[in-house]
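The data block below is data_6.tsv; it holds TSV, C-alpha atoms.
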```
chain	number	residue	atom	x	y	z
M	29	MET	CA	21.24	-15.77	-24.16
M	30	SER	CA	18.64	-16.72	-21.55
M	31	ASP	CA	16.29	-13.98	-20.37
M	32	ARG	CA	17.56	-14.07	-16.80
M	33	LEU	CA	21.16	-13.73	-18.02
M	34	MET	CA	20.05	-10.90	-20.30
M	35	LEU	CA	18.50	-9.05	-17.35
M	36	LEU	CA	21.62	-9.56	-15.21
M	37	THR	CA	23.88	-8.37	-18.07
M	38	TYR	CA	21.69	-5.29	-18.48
M	39	LEU	CA	21.84	-4.49	-14.75
M	40	ALA	CA	25.63	-4.93	-14.74
M	41	GLY	CA	25.81	-2.67	-17.80
M	42	VAL	CA	23.76	0.02	-16.05
M	43	LEU	CA	26.05	-0.15	-13.03
M	44	LEU	CA	29.16	0.12	-15.24
M	45	ALA	CA	27.77	2.97	-17.35
M	46	THR	CA	26.99	4.98	-14.21
M	47	SER	CA	30.27	4.14	-12.46
M	48	LEU	CA	32.67	4.96	-15.31
M	49	HIS	CA	33.16	8.53	-16.48
M	50	ASP	CA	35.60	8.05	-19.37
M	51	LEU	CA	34.10	9.30	-22.63
M	52	ARG	CA	35.96	6.65	-24.67
M	53	VAL	CA	34.61	3.81	-22.52
M	54	LEU	CA	31.04	5.15	-22.73
M	55	GLY	CA	31.43	5.67	-26.50
M	56	ALA	CA	32.69	2.11	-26.89
M	57	GLY	CA	29.72	0.92	-24.82
M	58	LEU	CA	27.34	2.74	-27.14
M	59	LEU	CA	29.00	1.22	-30.23
M	60	LEU	CA	28.81	-2.25	-28.67
M	61	THR	CA	25.12	-1.78	-27.78
M	62	ALA	CA	24.43	-0.50	-31.30
M	63	ALA	CA	26.13	-3.58	-32.76
M	64	LEU	CA	24.05	-5.84	-30.50
M	65	CYS	CA	20.86	-4.17	-31.77
M	66	GLY	CA	21.54	-5.54	-35.26
M	67	ARG	CA	18.75	-4.76	-37.69
M	68	ALA	CA	16.63	-3.26	-34.90
M	69	LEU	CA	19.15	-0.41	-34.47
M	70	PRO	CA	17.15	2.37	-36.24
M	71	ARG	CA	14.01	1.51	-34.23
M	72	VAL	CA	15.85	1.17	-30.90
M	73	LEU	CA	17.85	4.37	-31.47
M	74	ARG	CA	14.75	6.34	-32.51
M	75	ARG	CA	12.84	5.22	-29.38
M	76	ALA	CA	15.84	5.99	-27.15
M	77	VAL	CA	16.35	9.48	-28.60
M	78	LEU	CA	12.63	10.29	-28.34
M	79	ALA	CA	12.52	9.09	-24.72
M	80	ILE	CA	15.41	11.27	-23.56
M	81	LEU	CA	15.06	14.24	-25.91
M	82	LEU	CA	12.90	16.52	-23.75
M	83	PHE	CA	14.59	15.99	-20.37
M	84	ASN	CA	18.13	16.05	-21.82
M	85	SER	CA	17.45	19.13	-23.94
M	86	VAL	CA	16.12	21.05	-20.93
M	87	VAL	CA	19.07	20.01	-18.73
M	88	THR	CA	21.69	20.63	-21.45
M	89	VAL	CA	20.36	24.02	-22.56
M	90	SER	CA	19.92	25.18	-18.93
M	91	TYR	CA	23.42	23.95	-18.05
M	92	VAL	CA	25.03	25.68	-21.04
M	93	ALA	CA	23.23	28.96	-20.29
M	94	LEU	CA	23.90	28.92	-16.54
M	95	SER	CA	27.51	27.73	-16.72
M	96	LEU	CA	28.43	30.23	-19.45
M	97	TRP	CA	26.96	32.98	-17.29
M	98	GLN	CA	28.89	31.72	-14.24
M	99	GLY	CA	32.06	31.04	-16.26
M	100	THR	CA	32.16	27.33	-15.37
M	101	PHE	CA	31.15	25.83	-18.73
M	102	SER	CA	32.58	22.38	-19.42
M	103	PRO	CA	31.97	20.90	-22.89
M	104	ARG	CA	33.15	17.55	-21.47
M	105	TYR	CA	30.17	17.51	-19.10
M	106	VAL	CA	27.72	18.10	-21.97
M	107	LEU	CA	29.26	15.21	-23.90
M	108	LEU	CA	29.50	12.95	-20.84
M	109	VAL	CA	25.92	13.32	-19.65
M	110	ASN	CA	24.35	13.05	-23.11
M	111	LEU	CA	26.51	10.07	-24.08
M	112	ARG	CA	25.75	8.28	-20.82
M	113	VAL	CA	22.01	8.91	-20.97
M	114	LEU	CA	21.86	7.84	-24.63
M	115	LEU	CA	23.84	4.66	-23.85
M	116	LEU	CA	21.53	3.77	-20.94
M	117	ALA	CA	18.37	4.49	-22.93
M	118	THR	CA	19.65	2.43	-25.89
M	119	MET	CA	20.47	-0.46	-23.53
M	120	THR	CA	16.97	-0.23	-22.00
M	121	PHE	CA	15.18	-0.25	-25.37
M	122	LEU	CA	17.38	-3.10	-26.59
M	123	LEU	CA	16.36	-5.02	-23.46
M	124	ALA	CA	12.69	-4.14	-24.02
M	125	GLU	CA	13.07	-5.45	-27.61
M	126	ARG	CA	14.65	-8.79	-26.71
M	127	PHE	CA	13.74	-9.48	-23.09
M	128	ASN	CA	10.85	-11.73	-22.11
M	129	PRO	CA	10.09	-11.02	-18.41
M	130	PHE	CA	7.83	-14.05	-18.19
M	131	ARG	CA	10.70	-16.42	-19.03
M	132	ALA	CA	13.11	-14.48	-16.79
M	133	PHE	CA	10.78	-14.77	-13.77
M	134	ALA	CA	9.74	-18.38	-14.48
M	135	PHE	CA	11.86	-19.63	-11.53
M	136	SER	CA	9.15	-18.31	-9.16
M	137	PRO	CA	5.50	-19.19	-9.94
M	138	SER	CA	4.25	-16.29	-7.77
M	139	LEU	CA	6.52	-13.75	-9.47
M	140	LEU	CA	5.62	-15.15	-12.89
M	141	PHE	CA	1.89	-14.88	-12.13
M	142	LEU	CA	2.27	-11.39	-10.72
M	143	THR	CA	4.21	-10.17	-13.78
M	144	SER	CA	1.95	-11.79	-16.36
M	145	LEU	CA	-1.27	-10.72	-14.60
M	146	CYS	CA	-0.05	-7.18	-14.15
M	147	TYR	CA	1.19	-6.88	-17.74
M	148	SER	CA	-2.01	-8.32	-19.20
M	149	GLN	CA	-4.11	-6.01	-17.01
M	150	VAL	CA	-2.02	-3.01	-18.05
M	151	LEU	CA	-2.52	-3.85	-21.75
M	152	THR	CA	-6.28	-4.41	-21.31
M	153	LEU	CA	-6.85	-1.26	-19.26
M	154	ARG	CA	-4.64	0.80	-21.58
M	155	ARG	CA	-6.71	-0.28	-24.59
M	156	LEU	CA	-9.93	0.52	-22.73
M	157	PHE	CA	-8.51	3.88	-21.66
M	158	GLY	CA	-7.72	4.71	-25.28
M	159	GLU	CA	-11.28	3.80	-26.28
M	160	PHE	CA	-12.64	6.11	-23.54
M	161	ARG	CA	-10.53	8.95	-24.90
M	162	HIS	CA	-11.67	8.35	-28.49
M	163	ALA	CA	-15.30	8.10	-27.37
M	164	PHE	CA	-15.02	11.41	-25.52
M	165	ARG	CA	-13.44	13.14	-28.51
M	166	SER	CA	-15.93	11.73	-31.00
M	167	ARG	CA	-18.89	12.85	-28.85
M	168	SER	CA	-17.63	16.40	-28.35
M	169	ILE	CA	-18.97	18.68	-31.08
M	170	VAL	CA	-17.15	21.72	-29.74
M	171	ARG	CA	-13.80	21.83	-27.95
M	172	PRO	CA	-14.45	20.59	-24.38
M	173	GLY	CA	-13.96	23.14	-21.62
M	174	LEU	CA	-11.88	22.77	-18.47
M	175	ARG	CA	-14.90	21.57	-16.45
M	176	ASP	CA	-15.79	18.90	-19.07
M	177	LEU	CA	-12.19	17.67	-19.16
M	178	TYR	CA	-12.06	17.33	-15.37
M	179	ARG	CA	-15.42	15.55	-15.25
M	180	HIS	CA	-14.34	13.18	-18.03
M	181	GLY	CA	-11.00	12.46	-16.27
M	182	ALA	CA	-12.76	11.84	-12.95
M	183	ALA	CA	-15.43	9.58	-14.50
M	184	THR	CA	-12.73	7.58	-16.32
M	185	ALA	CA	-10.63	7.17	-13.16
M	186	ALA	CA	-13.70	6.19	-11.09
M	187	PHE	CA	-14.70	3.58	-13.71
M	188	PHE	CA	-11.23	2.03	-13.64
M	189	MET	CA	-11.17	1.99	-9.83
M	190	ARG	CA	-14.45	0.07	-9.67
M	191	LYS	CA	-13.38	-2.23	-12.49
M	192	SER	CA	-10.07	-2.99	-10.75
M	193	VAL	CA	-11.76	-4.01	-7.49
M	194	SER	CA	-14.19	-6.23	-9.36
M	195	ASP	CA	-11.43	-7.74	-11.60
M	196	ALA	CA	-9.20	-8.53	-8.59
M	197	GLY	CA	-12.02	-10.53	-6.98
M	198	GLU	CA	-12.83	-12.36	-10.22
M	199	ILE	CA	-9.19	-13.26	-10.91
M	200	ALA	CA	-8.69	-14.51	-7.33
M	201	ARG	CA	-11.79	-16.73	-7.64
M	202	ALA	CA	-10.61	-18.01	-11.04
M	203	MET	CA	-7.16	-18.82	-9.63
M	204	THR	CA	-8.68	-20.58	-6.61
M	205	SER	CA	-11.05	-22.64	-8.78
M	206	ARG	CA	-8.09	-23.75	-10.95
M	207	GLY	CA	-6.12	-24.91	-7.90
M	208	PHE	CA	-3.36	-22.26	-8.05
M	209	PHE	CA	-3.19	-21.98	-4.25
M	210	ASN	CA	-3.35	-25.73	-3.53
M	211	ASP	CA	0.43	-26.41	-3.68
Y	25	MET	CA	8.93	13.23	-12.12
Y	26	HIS	CA	10.16	10.62	-14.60
Y	27	ILE	CA	13.92	11.10	-14.46
Y	28	PRO	CA	15.76	9.16	-17.18
Y	29	ASP	CA	18.72	6.96	-16.28
Y	30	GLY	CA	22.07	8.69	-16.07
Y	31	PHE	CA	21.31	11.64	-13.81
Y	32	ILE	CA	21.57	9.90	-10.45
Y	33	SER	CA	24.87	8.64	-9.12
Y	34	PRO	CA	25.29	5.03	-7.92
Y	35	LYS	CA	26.36	6.59	-4.61
Y	36	MET	CA	22.72	7.50	-4.21
Y	37	TYR	CA	20.73	4.89	-6.14
Y	38	LEU	CA	22.47	1.84	-4.64
Y	39	PRO	CA	21.73	2.78	-0.98
Y	40	LEU	CA	18.20	3.78	-2.05
Y	41	TYR	CA	17.73	0.31	-3.58
Y	42	ALA	CA	18.74	-1.20	-0.23
Y	43	VAL	CA	16.18	0.93	1.63
Y	44	ALA	CA	13.48	0.27	-0.99
Y	45	ALA	CA	14.15	-3.51	-0.88
Y	46	GLY	CA	13.56	-3.50	2.88
Y	47	CYS	CA	10.33	-1.54	2.44
Y	48	TRP	CA	9.12	-3.85	-0.38
Y	49	ALA	CA	9.76	-6.92	1.80
Y	50	TRP	CA	7.89	-5.32	4.72
Y	51	ALA	CA	5.00	-4.26	2.48
Y	52	ILE	CA	4.64	-7.75	0.94
Y	53	ARG	CA	4.61	-9.32	4.43
Y	54	ARG	CA	1.89	-6.91	5.57
Y	55	LEU	CA	-0.19	-7.46	2.44
Y	56	ARG	CA	0.12	-11.26	2.68
Y	57	ARG	CA	-1.08	-11.13	6.29
Y	58	THR	CA	-4.29	-9.40	5.29
Y	59	LEU	CA	-5.00	-10.79	1.81
Y	60	ASP	CA	-3.51	-14.34	1.61
Y	61	GLU	CA	-4.35	-15.92	-1.76
Y	62	ARG	CA	-5.88	-12.69	-3.02
Y	63	THR	CA	-2.52	-10.89	-2.71
Y	64	ILE	CA	-1.21	-11.63	-6.21
Y	65	PRO	CA	-4.34	-10.72	-8.22
Y	66	TRP	CA	-4.99	-7.73	-5.96
Y	67	LEU	CA	-1.48	-6.38	-6.38
Y	68	ALA	CA	-1.43	-6.98	-10.15
Y	69	VAL	CA	-4.75	-5.23	-10.67
Y	70	LEU	CA	-3.84	-2.35	-8.34
Y	71	ALA	CA	-0.56	-1.85	-10.24
Y	72	ALA	CA	-2.45	-1.78	-13.54
Y	73	LEU	CA	-4.88	0.73	-12.02
Y	74	SER	CA	-1.95	2.87	-10.90
Y	75	PHE	CA	-0.58	2.73	-14.47
Y	76	ILE	CA	-3.92	3.95	-15.84
Y	77	LEU	CA	-4.30	6.68	-13.19
Y	78	MET	CA	-0.90	8.00	-14.32
Y	79	MET	CA	-2.32	8.22	-17.87
Y	80	VAL	CA	-5.28	10.38	-16.81
Y	81	THR	CA	-4.56	13.95	-17.83
Y	82	ILE	CA	-5.05	16.96	-15.60
Y	83	PRO	CA	-6.13	19.85	-17.79
Y	84	LEU	CA	-4.51	23.18	-17.02
Y	85	PRO	CA	-5.81	26.64	-17.91
Y	86	GLY	CA	-4.48	27.68	-21.32
Y	87	GLY	CA	-5.02	24.35	-23.06
Y	88	SER	CA	-2.01	22.43	-21.73
Y	89	SER	CA	-2.24	19.36	-19.51
Y	90	VAL	CA	-0.13	17.17	-17.26
Y	91	HIS	CA	-0.48	13.58	-16.12
Y	92	ALA	CA	-2.03	12.72	-12.76
Y	93	THR	CA	-0.10	10.61	-10.25
Y	94	GLY	CA	-3.03	8.93	-8.50
Y	95	ILE	CA	-0.90	8.47	-5.36
Y	96	CYS	CA	-3.42	10.05	-2.99
Y	97	LEU	CA	-6.36	8.10	-4.43
Y	98	LEU	CA	-4.55	4.77	-4.17
Y	99	ALA	CA	-3.26	5.45	-0.64
Y	100	VAL	CA	-6.57	6.78	0.73
Y	101	VAL	CA	-8.79	4.14	-0.89
Y	102	PHE	CA	-6.57	1.04	-0.74
Y	103	GLY	CA	-3.95	1.83	1.94
Y	104	VAL	CA	-0.35	3.06	1.99
Y	105	TRP	CA	1.49	-0.27	1.62
Y	106	PRO	CA	-0.60	-1.65	-1.29
Y	107	ALA	CA	-0.26	1.74	-3.00
Y	108	PHE	CA	3.52	1.69	-2.48
Y	109	LEU	CA	3.84	-1.82	-3.95
Y	110	ALA	CA	1.54	-1.03	-6.87
Y	111	ILE	CA	3.42	2.16	-7.78
Y	112	SER	CA	6.78	0.34	-7.47
Y	113	LEU	CA	5.56	-2.45	-9.76
Y	114	VAL	CA	4.33	0.07	-12.31
Y	115	LEU	CA	7.64	1.94	-12.24
Y	116	LEU	CA	9.45	-1.37	-12.83
Y	117	ILE	CA	7.20	-2.30	-15.76
Y	118	GLN	CA	7.52	1.21	-17.21
Y	119	ALA	CA	11.32	1.09	-16.89
Y	120	LEU	CA	11.87	-2.42	-18.26
Y	121	LEU	CA	9.04	-2.96	-20.74
Y	122	PHE	CA	7.99	0.51	-21.90
Y	123	GLY	CA	11.33	2.30	-21.53
Y	124	THR	CA	9.92	5.27	-19.61
Y	125	GLY	CA	11.54	6.44	-16.39
Y	126	GLY	CA	14.68	4.60	-15.46
Y	127	ILE	CA	15.99	1.65	-13.52
Y	128	THR	CA	18.38	3.93	-11.57
Y	129	SER	CA	15.68	6.43	-10.61
Y	130	LEU	CA	13.20	3.66	-9.70
Y	131	PRO	CA	14.00	3.43	-5.96
Y	132	LEU	CA	13.94	7.22	-5.59
Y	133	ASN	CA	10.60	7.52	-7.38
Y	134	ALA	CA	9.13	4.50	-5.57
Y	135	LEU	CA	10.14	5.75	-2.13
Y	136	ALA	CA	9.33	9.42	-2.75
Y	137	MET	CA	6.05	8.96	-4.62
Y	138	GLY	CA	4.80	5.56	-3.50
Y	139	LEU	CA	5.84	5.46	0.14
Y	140	VAL	CA	6.34	9.03	1.42
Y	141	GLY	CA	3.71	10.56	-0.90
Y	142	GLY	CA	1.20	7.84	-0.05
Y	143	ALA	CA	1.88	7.99	3.69
Y	144	ILE	CA	1.57	11.79	3.74
Y	145	ALA	CA	-1.68	11.64	1.78
Y	146	ALA	CA	-3.25	8.96	3.99
Y	147	GLY	CA	-2.05	10.70	7.17
Y	148	VAL	CA	-3.33	14.13	6.18
Y	149	PHE	CA	-6.66	12.72	5.01
Y	150	ARG	CA	-7.16	10.72	8.21
Y	151	THR	CA	-6.25	13.74	10.37
Y	152	LEU	CA	-8.41	16.32	8.60
Y	153	LYS	CA	-11.40	14.35	7.33
Y	154	GLY	CA	-13.37	14.84	10.57
Y	155	TRP	CA	-13.21	18.58	9.99
Y	156	ASN	CA	-13.97	18.71	6.24
Y	157	GLU	CA	-13.67	15.67	3.96
Y	158	THR	CA	-13.32	17.61	0.70
Y	159	ALA	CA	-10.65	19.95	2.08
Y	160	ALA	CA	-8.85	16.99	3.66
Y	161	LEU	CA	-8.75	15.14	0.34
Y	162	ALA	CA	-7.62	18.20	-1.62
Y	163	ALA	CA	-4.86	18.94	0.92
Y	164	ALA	CA	-3.80	15.29	0.95
Y	165	ALA	CA	-3.61	15.17	-2.87
Y	166	TRP	CA	-1.70	18.48	-3.05
Y	167	LEU	CA	0.84	17.28	-0.49
Y	168	SER	CA	1.12	13.87	-2.18
Y	169	VAL	CA	2.48	15.76	-5.19
Y	170	MET	CA	4.52	18.43	-3.39
Y	171	VAL	CA	6.37	16.28	-0.85
Y	172	PRO	CA	7.68	13.75	-3.45
Y	173	ALA	CA	8.60	16.69	-5.72
Y	174	PHE	CA	10.57	18.19	-2.83
Y	175	LEU	CA	12.37	14.88	-2.19
Y	176	VAL	CA	13.18	14.35	-5.88
Y	177	ALA	CA	14.42	17.96	-6.14
Y	178	LEU	CA	16.58	17.39	-3.07
Y	179	ALA	CA	17.99	14.13	-4.49
Y	180	LEU	CA	18.77	15.76	-7.85
Y	181	GLY	CA	20.20	18.87	-6.19
Y	182	LEU	CA	22.58	16.74	-4.10
Y	183	GLN	CA	24.17	15.14	-7.20
Y	184	PRO	CA	26.84	17.85	-7.78
Y	185	LEU	CA	27.83	17.55	-4.10
Y	186	ILE	CA	28.18	13.77	-4.03
Y	187	ALA	CA	29.40	13.10	-7.57
Y	188	SER	CA	31.74	15.63	-9.18
Y	189	ALA	CA	35.12	15.35	-10.93
Y	190	GLU	CA	38.26	16.62	-9.19
Y	191	ASP	CA	37.99	19.97	-11.02
Y	192	GLY	CA	34.43	20.39	-9.75
Y	193	THR	CA	32.70	19.45	-13.04
Y	194	PRO	CA	29.46	17.59	-12.29
Y	195	LEU	CA	29.23	13.95	-13.37
Y	196	PHE	CA	25.46	13.46	-13.18
Y	197	PHE	CA	22.76	16.09	-12.61
Y	198	PRO	CA	24.49	19.48	-12.83
Y	199	PHE	CA	22.36	21.79	-10.70
Y	200	GLY	CA	22.29	22.25	-6.93
Y	201	VAL	CA	19.24	22.55	-4.68
Y	202	GLU	CA	19.09	26.33	-5.23
Y	203	VAL	CA	18.00	25.50	-8.81
Y	204	THR	CA	16.18	22.16	-8.43
Y	205	LEU	CA	13.88	23.17	-5.56
Y	206	PRO	CA	12.18	26.12	-7.31
Y	207	ALA	CA	12.35	24.37	-10.72
Y	208	LEU	CA	10.36	21.40	-9.45
Y	209	LEU	CA	8.26	22.86	-6.66
Y	210	LEU	CA	6.74	25.80	-8.55
Y	211	PRO	CA	5.18	23.77	-11.42
Y	212	HIS	CA	4.22	20.97	-9.03
Y	213	ALA	CA	2.34	23.46	-6.84
Y	214	LEU	CA	0.02	24.05	-9.82
Y	215	LEU	CA	-0.08	20.34	-10.73
Y	216	GLY	CA	-1.00	19.62	-7.09
Y	217	VAL	CA	-4.06	21.86	-7.36
Y	218	GLY	CA	-5.24	19.93	-10.44
Y	219	GLU	CA	-4.46	16.61	-8.76
Y	220	GLY	CA	-6.47	17.74	-5.70
Y	221	LEU	CA	-9.46	18.68	-7.84
Y	222	LEU	CA	-9.35	15.41	-9.77
Y	223	THR	CA	-8.92	13.36	-6.58
Y	224	VAL	CA	-11.94	15.01	-4.95
Y	225	LEU	CA	-14.09	14.38	-8.04
Y	226	VAL	CA	-13.03	10.71	-8.37
Y	227	TYR	CA	-13.42	10.04	-4.65
Y	228	ARG	CA	-16.93	11.49	-4.65
Y	229	LEU	CA	-17.92	9.48	-7.72
Y	230	VAL	CA	-16.62	6.22	-6.22
Y	231	ARG	CA	-18.32	6.98	-2.87
Y	232	ASP	CA	-21.64	7.85	-4.54
Y	233	LEU	CA	-21.53	4.68	-6.65
Y	234	ARG	CA	-20.85	2.63	-3.51
Y	235	ARG	CA	-23.84	4.22	-1.79
Y	236	GLU	CA	-26.02	3.43	-4.79
Y	237	GLY	CA	-24.95	-0.23	-4.45
Y	238	GLY	CA	-22.29	-0.27	-7.20
Y	239	ALA	CA	-19.71	-3.00	-7.52
Y	240	ALA	CA	-16.81	-1.16	-5.88
```

Structure translated into structure tokens:
Amino acid sequence: MSDRLMLLTYLAGVLLATSLHDLRVLGAGLLLTAALCGRALPRVLRRAVLAILLFNSVVTVSYVALSLWQGTFSPRYVLLVNLRVLLLATMTFLLAERFNPFRAFAFSPSLLFLTSLCYSQVLTLRRLFGEFRHAFRSRSIVRPGLRDLYRHGAATAAFFMRKSVSDAGEIARAMTSRGFFND
Amino acid sequence: MHIPDGFISPKMYLPLYAVAAGCWAWAIRRLRRTLDERTIPWLAVLAALSFILMMVTIPLPGGSSVHATGICLLAVVFGVWPAFLAISLVLLIQALLFGTGGITSLPLNALAMGLVGGAIAAGVFRTLKGWNETAALAAAAWLSVMVPAFLVALALGLQPLIASAEDGTPLFFPFGVEVTLPALLLPHALLGVGEGLLTVLVYRLVRDLRREGGAA
């Protein structure tokens, strides 16, 4: 399946999963998605469950407590919302596993450049951010106080703001020198 | 405010996508007018910066911490429309490539955080900075957290009204505004204080570095 078709199928699936409220249909959707995952199923399912666990637990527990107290408890709702959210999260992680946004957006050079530049910048800055965090931890002999944590956060954010402005200029010059804007 | 998929009805997210699409088109037109060939690299880098700002933690008393939003910083330093586009792009990348947030909550988050939050922050800062720059920035950052939280709480709280079964059982988010407003606004009031403090510190650092002849 081409990446663009994969994205369109995913979007149609999201629309269907949020428009249909039959537990059997949503359950069948989850089974189908699980089958499509193939050998990646344990990894996809683990990521999906971890991603939704906190929010869904809070909503479900609060709903059960409040509705029991008000006498409006519906076990069907608990099943419906958790099944739907799990199905959507599994679909999203399956897409993240298989989907190549660069091939999907290849029909537009501008969109392709924007996606690839943004993604590569995110990966570079995220790695640098992790290194900043490790450096701060390794240089703190005692547990840093609230003031130290704020100063570290502010210094990190200020560094990345300056770096971003400088990177944007450099990338624009590099693109100009390679004739990207000549067409 | 990362709401997973499945809690917002299509009755809400589809019209919000239509509104967001119009705003994205308008924002791109405005950005192209001012930046030309620098638009693509500028937007990509700004989106990556927004992603990193959302990773910066705001320490809270007691040892816990929450993530910053960076909305006020982006809107005040770079402008409302670039901030809106950058935050939207980050939300899209987070939803599709990292699996955080959701594709159905994307337009709500983009409009509430990126557009309304950014516009409120820039407006408040511009209005109050003549009186006291630090207070203006802190107020702008606090409101850039509180106003989107209010809008998201309102959107979630409307779900039982717009999408329920015939017997009244909710189909998406189960709680009304009487629950969602205090549940979101109270913690965000504290988060807003931390965001304000962090924003003031970062803004001062960037301004001081500029004065010293830094790159930014």

Study note, to complete from the structure: Of Y:Pro83, Y:Gly200, Y:Pro131, Y:Gly142, the one sitting nearest Y:Leu38 when using all atoms listed in the file is Y:Pro131

Could you list, with a cut-off of 7 Å and counting only C-alpha atoms, the residues of chain M near chain Y, each shown with its nearest atom pair and the distance in Å rounded to one decimal, rows sorted by chain and ascending number, as CSV?
```
residue,atom,partner,partner_atom,distance
M:Thr46,CA,Y:Gly30,CA,6.4
M:Ser47,CA,Y:Pro34,CA,6.8
M:Ala79,CA,Y:Thr124,CA,6.9
M:Ile80,CA,Y:Pro28,CA,6.7
M:Tyr91,CA,Y:Pro198,CA,7.0
M:Tyr105,CA,Y:Leu195,CA,6.8
M:Val109,CA,Y:Phe196,CA,6.5
M:Arg112,CA,Y:Gly30,CA,6.0
M:Val113,CA,Y:Gly30,CA,4.9
M:Leu116,CA,Y:Asp29,CA,6.3
M:Thr120,CA,Y:Gly123,CA,6.2
M:Phe121,CA,Y:Gly123,CA,6.0
M:Ala124,CA,Y:Leu121,CA,5.0
M:Leu142,CA,Y:Ile64,CA,5.7
M:Leu145,CA,Y:Ala68,CA,5.8
M:Cys146,CA,Y:Ala68,CA,4.2
M:Gln149,CA,Y:Ala72,CA,5.7
M:Val150,CA,Y:Ala72,CA,4.7
M:Leu153,CA,Y:Ile76,CA,6.9
M:Arg154,CA,Y:Ile76,CA,6.6
M:Leu174,CA,Y:Pro83,CA,6.5
M:Leu177,CA,Y:Pro83,CA,6.6
M:Tyr178,CA,Y:Leu222,CA,6.5
M:Gly181,CA,Y:Val80,CA,6.1
M:Ala182,CA,Y:Val226,CA,4.7
M:Ala183,CA,Y:Val226,CA,6.7
M:Ala185,CA,Y:Leu77,CA,6.3
M:Ala186,CA,Y:Val226,CA,5.3
M:Phe188,CA,Y:Leu73,CA,6.7
M:Met189,CA,Y:Leu73,CA,6.8
M:Arg190,CA,Y:Ala240,CA,4.6
M:Ser192,CA,Y:Val69,CA,5.8
M:Val193,CA,Y:Ala240,CA,6.0
M:Ser194,CA,Y:Ala239,CA,6.7
M:Ala196,CA,Y:Trp66,CA,5.0
M:Ile199,CA,Y:Pro65,CA,6.1
M:Ala200,CA,Y:Arg62,CA,5.5
M:Phe209,CA,Y:Glu61,CA,6.7
```

Practice item. Work out how far atom CA of Y:Ala187 is from atom CA of Y:Met36, in Å to one decimal. Key: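 Atom CA of Y:Ala187 lies 9.3 Å from atom CA of Y:Met36.
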
Review point. For the point (21.2, -8.9, -26.7) in file coordinates, what residues are within 10 Å, counting all atoms listed in the file? Give the answer as a VMD selection string?
Key: chain M and resid 29 to 31 33 to 35 37 to 38 61 63 to 66 119 122 to 123 125 to 127

Practice item. Kindly give the distance, in Å, that separates atom CA of Y:Leu208 and atom CA of Y:Ala177, rounded to a single decimal. Key: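 Between these atoms lies a distance of 6.3 Å.
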
Practice item. Pick out the residues sitting within 10 Å of M:Val106, and hand them over as a list in words; count only C-alpha atoms, and ignore anything fewer than 2 positions along from it in its own chain. Key: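 Final neighbour list, sorted by chain and number: Asn84, Val87, Thr88, Val89, Tyr91, Val92, Phe101, Ser102, Pro103, Arg104, Leu108, Val109, Asn110 and Leu111 of chain M; Pro194, Leu195 and Pro198 of chain Y.
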
**Study point:** Residue neighbourhood Y:Ala165, 7 Å, all atoms listed in the file, exclusion window fewer than 5 positions, as number ranges by chain
**Key:** Y: 96, 145, 216, 219-220, 223

Review point. Separation of atom CA of M:Ala132 and atom CA of Y:Pro39, in Å?
Key: 24.9 Å

Review point. Counting only C-alpha atoms, which of Y:Leu214, Y:Leu135, Y:Ile111, Y:Leu175 gets nearest to Y:Thr93?
Key: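 Selected residue with least distance to Y:Thr93: Y:Ile111.
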
Keeping C-alpha atoms, write stretch 187-203 of chain M of the structure just shown out as a PDB file, in the first residue's frame.
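Contents of the output file decode_12.pdb:
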```
ATOM      1  CA  PHE M 187      19.833  28.340  24.054  1.00  0.00           C
ATOM      2  CA  PHE M 188      17.358  26.582  21.776  1.00  0.00           C
ATOM      3  CA  MET M 189      15.655  29.862  20.842  1.00  0.00           C
ATOM      4  CA  ARG M 190      18.961  31.396  19.738  1.00  0.00           C
ATOM      5  CA  LYS M 191      19.998  28.201  17.973  1.00  0.00           C
ATOM      6  CA  SER M 192      16.681  28.041  16.094  1.00  0.00           C
ATOM      7  CA  VAL M 193      17.002  31.595  14.752  1.00  0.00           C
ATOM      8  CA  SER M 194      20.564  30.928  13.647  1.00  0.00           C
ATOM      9  CA  ASP M 195      19.668  27.496  12.116  1.00  0.00           C
ATOM     10  CA  ALA M 196      16.720  28.961  10.159  1.00  0.00           C
ATOM     11  CA  GLY M 197      19.029  31.531   8.538  1.00  0.00           C
ATOM     12  CA  GLU M 198      21.688  28.920   7.737  1.00  0.00           C
ATOM     13  CA  ILE M 199      19.188  26.477   6.223  1.00  0.00           C
ATOM     14  CA  ALA M 200      17.601  29.225   4.095  1.00  0.00           C
ATOM     15  CA  ARG M 201      21.042  30.233   2.770  1.00  0.00           C
ATOM     16  CA  ALA M 202      21.927  26.582   2.084  1.00  0.00           C
ATOM     17  CA  MET M 203      18.648  26.068   0.203  1.00  0.00           C
TER      18      MET M 203
END
```
